[in-house]
Structure formats: structure tokens, C-alpha cells
Amino acid sequence: MLFPTTIAGSLPKPEWLAEPNKLWAPWKSSGDELMRAKRDATLLALKIQEDAGIDIVTDGEQARQHFVHGFLENIEGIDFAHKVEMGIRNDRYKAMVPQVVAPLRLKDRVHAFEALAARAHTRRQLKFTLPGPMTIIDTIADRHYGDRVKMAFAFAELLNEEAKALQADGVDMIQFDEPAFNVYMAEAADWGVKALERAAQGLTCATAVHICYGYGIKANTDWKQTLGEQWRQYEQIFPAIDASPIQQVAIECRNSKVPLELLALLKGKIVQAGVIDVASDVVETAEDVAATIEAVMKFVPASNIIATTNCGMAPMHRDIAEAKLMALGAGAALARQRFG
């Protein structure tokens with residue numbers, strides 16, 4: 001299929017997940033009810049994507065509170081009880097984060113529940129997202145390793161363990177989310193891509209890395225105002241990514257200031273082209289989506305393009321996110337009609 005569709009990963013939580021204190025009051029002490037709610041939210045996310053015509057679906061990250069911490073919560077050696085304030089993404093904003101206090105080890109499977117629930121309820125290709133090693137170490141404090149690179153590779157080993165298990169669960173694509181790649185460009189090219197390769201080592205399913213300039217939250221939009229008229233940071237890391245065995249790169253292409261000609265640096269990769277702007281509440285039309293795909297085709301062969309969102313849509317209002325998904329599916333169909 002020309003221009004298959006997927007989403008970057010996260011979707012807004014349904015109302016019963018968004019307001020747990022209001023709607024879960026009778027079930028606060030019942031783990032079973034919480035798991036059922038997470039399962040139901042996952043199945044709803046799948047249904048919404050299928051109805052929108054999305055070809056490669058995800059669990060929508062419905063069972064996670066945060067795209068990084070959702071992975072960290074099942075790892076020994078991390079202290080969540082004594083969080084500390086830390087600058088995130090090179091001090092773009094501050095956050096209270098857990099601390100690594102001992103050698104890292106998986107307690108058990110991390111995402112088996114939602115992966116198996118999703119796999120059992122869709123016949124479409126299933127993508128599952130994990131945080132990348134560099135982004136993890138930029139979102140947690142270190143009181144044990146004393147070395148960013150050493151800690152990143154420790155996390156990469158755990159990611160690899162979980163990724164292989166997800167593959168065995170029937171997941172068709174593992175995507176590692178690495179927004180830190182556009183902040184620490186020199187480090188990303190030096191060791192960040194190598195840590196990513198370690199996380200993906202031995203996988204036989206499709207592999208992808210998602211890089212982006214972030215959600216449309218104020219900290220990100222303010223930061224983007226400082227980046228100038230052209231966002232060329234990717235120019236420093238695309239050659240290293242292109243030389244890696246990671247097969248796909250998810251990148252924003254709609255309403256960003258990333259020069260699309262930079263995509264030509266990803267000569268050997270499938271490009272998941274972000275044709276939906278997740279930093280705006282304006283809903284794209286099918287024509288908008290097709291036009292963005294056409295612009296990407298100037299630098300990427302049509303057979304190597306997957307239409308996707310620019311990033312996850314977790315912070316968006318649900319009705320807007322769903323409308324944007326419908327535009328993604330309709331726009332990709334229009335592009336197939338026009339160009340394929």
C-alpha cells in the first residue's frame with residue numbers, strides 16, 4: 001500500500017482515565033477495575049484508529065501516565081519516593097523526577113498487558129512505542145552510575161529485553177521515542193545512536209526512532225521561538241541515524257520549520273512523515289495532508305513514506321485529536337488516489 005498511516009504513539013485518555021478521582025471513586029482500592037479501565041481505554045484507542053483508516057495502529061499509550069515514567073515504574077534501582085527537581089531537555093523546563101539509586105534491573109515485564117490486549121483485538125499491524133535511552137537519562141536523576149553514557153547503555157539493555165518480549169507478543173514495529181536527539185545533537189551523533197542500536201539489537205520486527213520538537217505545550221512553543229527561521233538541528237544527527245540499522249525515522253513535516261530537504265539525508269530509511277500538526281487545534285483537511293505528503297515526495301521516494309502525526313496527541317482535546325486522525329486517514333487515501 002502506498003502511504004500507509006500510523007500515529008506517533010499517544011492519544012488523549014478517555015474521560016474515565018482523564019478524571020480518575022471523579023469517576024473511579026468506588027474503585028480506588030481495586031486493582032482489577034483499574035486494569036479493566038486501562039484495557040477498555042486501549043481497545044477504544046484501537047477502534048478510533050481503525051475507524052479513521054489508520055493502517056499501523058498503536059495502543060495509544062492508554063495504560064501509561066507518562067511516556068518515559070511508564071517504562072521506569074517496573075525497574076528496580078529507581079527511587080520514586082524521593083523525587084528531585086531537574087532541568088529537562090537542557091533546562092528547557094524543570095520537573096520533579098525519580099532517581100537512579102542502584103543497579104538497574106527489570107522487575108518483570110513492563111508492557112505485556114497492553115501489548116497483548118491490543119494484539120488480541122486488532123488484525124492490523126501493531127506498533128508499540130518505548131522511550132529511547134538518551135531521552136530516559138534526560139528525564140531521571142542519577143545517584144548511582146555517575147556517568148550519563150554508562151547509565152544510558154544500562155537502560156538500553158533493559159529496553160532491549162522488553163522490546164524482544166514485545167516482539168514475541170506479536171508487535172510488528174517497535175518505535176523508540178528520542179526527543180532528546182534534537183537537543184544534544186553532538187552527543188546523539190557520538191553515542192546516542194549507538195545506545196539506540198543497543199536497545200534494538202536482535203529485533204527482527206520493524207524498528208523506528210521518533211524525533212521531534214515536542215508537544216504544543218508552552219515550554220516547547222516558547223523554546224521553538226528561539227530556534228530561528230529554519231530548524232536544521234537534524235542535519236547533525238541524520239547521517240548517524242542513516243548509518244544505523246534502525247529502519248524508520250518519524251519526523252515532523254507539517255507546520256514545522258524543519259527544511260524538508262534534510263529528509264534526503266535519510267537515504268536508506270523509511271520516513272514516517274508527520275503530516276498532522278499536534279501543536280495546533282486547527283484540524284487539517286484531507287487536502288492539507290495530501291499536500292504535505294506531496295512535499296515530502298520531493299525528497300523521499302513515495303514507497304518509503306508512511307504518513308503519521310508529528311508527535312503524540314496526549315495533551316490535546318479528545319475531539320480535536322480524533323478529528324485529526326480522521327484527516328490523516330482521509331488525506332493518505334487522497335494521496336494514494338493522486339500519486340499511486
# chains A, B, ... in the order shown; residues from 1 in each chain; ligands from 1

$ select_by_dssp --residues "range 16-100 of chain A" --states "strand (DSSP E)" --output "list in words"
Ile56, Val57, Ile75, Glu76, Gly77, Ile78, Asp79, Phe80, Ala81, His82, Lys83, Val84, Glu85, Met86, Gly87, Ile88, Tyr93, Lys94, Ala95, Met96, Val97, Pro98, Gln99 and Val100 of chain A

$ residues_around --residues "Asp169 in chain A" --least-positions-apart "2" --cutoff "10 Å" --atoms "only C-alpha atoms" --output "NGL selection string"
:A and (111-113 or 115-120 or 163-167 or 171-172)

$ write_last_selection --atoms "all heavy atoms" --output "mmCIF file, in the first residue's frame"
data_model
loop_
_atom_site.group_PDB
_atom_site.id
_atom_site.type_symbol
_atom_site.label_atom_id
_atom_site.label_comp_id
_atom_site.auth_asym_id
_atom_site.auth_seq_id
_atom_site.Cartn_x
_atom_site.Cartn_y
_atom_site.Cartn_z
ATOM 1 N N HIS A 111 5.258 -3.908 29.612
ATOM 2 C CA HIS A 111 4.081 -3.534 28.816
ATOM 3 C C HIS A 111 3.346 -4.737 28.226
ATOM 4 O O HIS A 111 2.625 -4.598 27.238
ATOM 5 C CB HIS A 111 4.511 -2.605 27.676
ATOM 6 C CG HIS A 111 5.045 -1.282 28.138
ATOM 7 N ND1 HIS A 111 4.317 -0.422 28.912
ATOM 8 C CD2 HIS A 111 6.251 -0.683 27.927
ATOM 9 C CE1 HIS A 111 5.040 0.668 29.160
ATOM 10 N NE2 HIS A 111 6.209 0.524 28.582
ATOM 11 N N ALA A 112 3.496 -5.898 28.833
ATOM 12 C CA ALA A 112 2.841 -7.089 28.287
ATOM 13 C C ALA A 112 1.328 -6.937 28.271
ATOM 14 O O ALA A 112 0.665 -7.327 27.305
ATOM 15 C CB ALA A 112 3.232 -8.323 29.100
ATOM 16 N N PHE A 113 0.758 -6.365 29.326
ATOM 17 C CA PHE A 113 -0.697 -6.268 29.453
ATOM 18 C C PHE A 113 -1.304 -5.523 28.278
ATOM 19 O O PHE A 113 -2.206 -6.019 27.594
ATOM 20 C CB PHE A 113 -1.055 -5.573 30.772
ATOM 21 C CG PHE A 113 -2.511 -5.216 30.896
ATOM 22 C CD1 PHE A 113 -3.448 -6.181 31.242
ATOM 23 C CD2 PHE A 113 -2.949 -3.929 30.655
ATOM 24 C CE1 PHE A 113 -4.790 -5.859 31.356
ATOM 25 C CE2 PHE A 113 -4.293 -3.599 30.764
ATOM 26 C CZ PHE A 113 -5.214 -4.567 31.112
ATOM 27 N N ALA A 115 0.149 -4.588 25.426
ATOM 28 C CA ALA A 115 0.533 -5.128 24.120
ATOM 29 C C ALA A 115 -0.334 -6.333 23.753
ATOM 30 O O ALA A 115 -0.813 -6.450 22.615
ATOM 31 C CB ALA A 115 2.009 -5.513 24.124
ATOM 32 N N LEU A 116 -0.543 -7.231 24.709
ATOM 33 C CA LEU A 116 -1.353 -8.415 24.441
ATOM 34 C C LEU A 116 -2.818 -8.047 24.238
ATOM 35 O O LEU A 116 -3.505 -8.640 23.397
ATOM 36 C CB LEU A 116 -1.201 -9.420 25.584
ATOM 37 C CG LEU A 116 0.176 -10.095 25.664
ATOM 38 C CD1 LEU A 116 0.299 -10.885 26.955
ATOM 39 C CD2 LEU A 116 0.415 -10.989 24.456
ATOM 40 N N ALA A 117 -3.298 -7.065 24.995
ATOM 41 C CA ALA A 117 -4.686 -6.620 24.808
ATOM 42 C C ALA A 117 -4.874 -6.036 23.418
ATOM 43 O O ALA A 117 -5.864 -6.334 22.728
ATOM 44 C CB ALA A 117 -5.049 -5.581 25.873
ATOM 45 N N ALA A 118 -3.915 -5.225 22.995
ATOM 46 C CA ALA A 118 -4.011 -4.625 21.660
ATOM 47 C C ALA A 118 -3.899 -5.688 20.575
ATOM 48 O O ALA A 118 -4.680 -5.702 19.616
ATOM 49 C CB ALA A 118 -2.929 -3.561 21.493
ATOM 50 N N ARG A 119 -2.945 -6.599 20.739
ATOM 51 C CA ARG A 119 -2.736 -7.621 19.705
ATOM 52 C C ARG A 119 -3.960 -8.519 19.551
ATOM 53 O O ARG A 119 -4.297 -8.946 18.426
ATOM 54 C CB ARG A 119 -1.514 -8.456 20.078
ATOM 55 C CG ARG A 119 -1.119 -9.546 19.094
ATOM 56 C CD ARG A 119 -0.595 -9.003 17.768
ATOM 57 N NE ARG A 119 -1.616 -8.428 16.898
ATOM 58 C CZ ARG A 119 -1.350 -7.669 15.835
ATOM 59 N NH1 ARG A 119 -0.085 -7.391 15.508
ATOM 60 N NH2 ARG A 119 -2.318 -7.189 15.090
ATOM 61 N N ALA A 120 -4.639 -8.792 20.656
ATOM 62 C CA ALA A 120 -5.807 -9.677 20.611
ATOM 63 C C ALA A 120 -7.014 -9.017 19.975
ATOM 64 O O ALA A 120 -7.956 -9.714 19.595
ATOM 65 C CB ALA A 120 -6.158 -10.134 22.030
ATOM 66 N N ALA A 163 11.768 -4.974 24.542
ATOM 67 C CA ALA A 163 11.434 -4.917 23.118
ATOM 68 C C ALA A 163 11.368 -6.322 22.521
ATOM 69 O O ALA A 163 10.467 -6.631 21.722
ATOM 70 C CB ALA A 163 12.457 -4.069 22.373
ATOM 71 N N LYS A 164 12.286 -7.185 22.885
ATOM 72 C CA LYS A 164 12.249 -8.561 22.388
ATOM 73 C C LYS A 164 10.997 -9.285 22.873
ATOM 74 O O LYS A 164 10.393 -10.077 22.136
ATOM 75 C CB LYS A 164 13.509 -9.306 22.823
ATOM 76 C CG LYS A 164 14.762 -8.886 22.069
ATOM 77 C CD LYS A 164 15.978 -9.660 22.550
ATOM 78 C CE LYS A 164 17.216 -9.312 21.733
ATOM 79 N NZ LYS A 164 18.425 -9.998 22.245
ATOM 80 N N ALA A 165 10.603 -9.018 24.117
ATOM 81 C CA ALA A 165 9.382 -9.641 24.639
ATOM 82 C C ALA A 165 8.149 -9.108 23.918
ATOM 83 O O ALA A 165 7.210 -9.865 23.628
ATOM 84 C CB ALA A 165 9.278 -9.395 26.139
ATOM 85 N N LEU A 166 8.133 -7.813 23.617
ATOM 86 C CA LEU A 166 7.018 -7.234 22.863
ATOM 87 C C LEU A 166 6.930 -7.844 21.474
ATOM 88 O O LEU A 166 5.841 -8.117 20.961
ATOM 89 C CB LEU A 166 7.183 -5.722 22.762
ATOM 90 C CG LEU A 166 6.937 -4.927 24.040
ATOM 91 C CD1 LEU A 166 7.434 -3.497 23.886
ATOM 92 C CD2 LEU A 166 5.456 -4.932 24.409
ATOM 93 N N GLN A 167 8.075 -8.069 20.858
ATOM 94 C CA GLN A 167 8.099 -8.724 19.559
ATOM 95 C C GLN A 167 7.471 -10.111 19.662
ATOM 96 O O GLN A 167 6.662 -10.509 18.817
ATOM 97 C CB GLN A 167 9.542 -8.818 19.073
ATOM 98 C CG GLN A 167 9.729 -9.556 17.763
ATOM 99 C CD GLN A 167 11.191 -9.557 17.345
ATOM 100 O OE1 GLN A 167 11.644 -8.678 16.626
ATOM 101 N NE2 GLN A 167 11.951 -10.537 17.799
ATOM 102 N N VAL A 171 3.960 -7.862 18.390
ATOM 103 C CA VAL A 171 4.100 -6.490 17.923
ATOM 104 C C VAL A 171 4.881 -6.480 16.607
ATOM 105 O O VAL A 171 5.900 -7.162 16.471
ATOM 106 C CB VAL A 171 4.814 -5.627 18.989
ATOM 107 C CG1 VAL A 171 5.212 -4.274 18.436
ATOM 108 C CG2 VAL A 171 3.910 -5.469 20.212
ATOM 109 N N ASP A 172 4.408 -5.696 15.645
ATOM 110 C CA ASP A 172 5.016 -5.660 14.313
ATOM 111 C C ASP A 172 6.104 -4.591 14.174
ATOM 112 O O ASP A 172 6.941 -4.681 13.285
ATOM 113 C CB ASP A 172 3.937 -5.386 13.257
ATOM 114 C CG ASP A 172 2.865 -6.456 13.249
ATOM 115 O OD1 ASP A 172 3.170 -7.593 12.844
ATOM 116 O OD2 ASP A 172 1.732 -6.160 13.670
#

$ residues_around --residues "Leu325 in chain A" --least-positions-apart "3" --cutoff "10 Å" --atoms "only C-alpha atoms" --output "JSON, numbers by chain"
{"A": [5, 6, 7, 11, 48, 49, 50, 51, 52, 53, 54, 276, 283, 284, 308, 309, 313, 319, 320, 321, 322, 328, 329, 330, 331]}

$ write_last_selection --atoms "C-alpha atoms" --output "CSV table (one decimal), in the first residue's frame"
chain,number,residue,atom,x,y,z
A,5,THR,CA,-0.7,5.5,8.0
A,6,THR,CA,0.3,5.4,11.7
A,7,ILE,CA,0.3,7.6,14.7
A,11,LEU,CA,-3.7,9.6,22.3
A,48,ILE,CA,-10.8,5.1,16.9
A,49,GLN,CA,-7.7,4.5,14.8
A,50,GLU,CA,-9.3,1.8,12.8
A,51,ASP,CA,-12.4,3.9,12.1
A,52,ALA,CA,-10.1,6.7,10.9
A,53,GLY,CA,-8.4,4.4,8.4
A,54,ILE,CA,-5.1,4.1,10.3
A,276,ILE,CA,-0.6,16.4,11.3
A,283,VAL,CA,-7.9,20.4,12.2
A,284,GLU,CA,-6.2,19.6,8.9
A,308,THR,CA,1.9,9.9,10.6
A,309,THR,CA,1.3,12.6,13.2
A,313,MET,CA,-1.5,13.8,20.9
A,319,ASP,CA,-12.5,15.6,19.9
A,320,ILE,CA,-9.7,17.5,18.1
A,321,ALA,CA,-7.3,14.6,18.2
A,322,GLU,CA,-10.0,12.3,16.8
A,328,LEU,CA,-4.8,11.6,8.5
A,329,GLY,CA,-6.7,8.6,7.2
A,330,ALA,CA,-8.6,10.6,4.6
A,331,GLY,CA,-5.5,12.6,3.4

$ closest_residue --among "A:Phe176, A:Phe299, A:Phe155, A:Trp231" --to "Gly77 in chain A" --atoms "only C-alpha atoms"
A:Phe155

$ closest_atom_pairs --of "range 162-217 of chain A" --to "range 265-275 of chain A" --cutoff "10 Å" --atoms "only C-alpha atoms" --output "tab-separated table"
residue	atom	partner	partner_atom	distance
A:Ala208	CA	A:Gln272	CA	8.8
A:Val209	CA	A:Gln272	CA	9.4
A:His210	CA	A:Gln272	CA	8.5
A:Cys212	CA	A:Gly274	CA	9.5
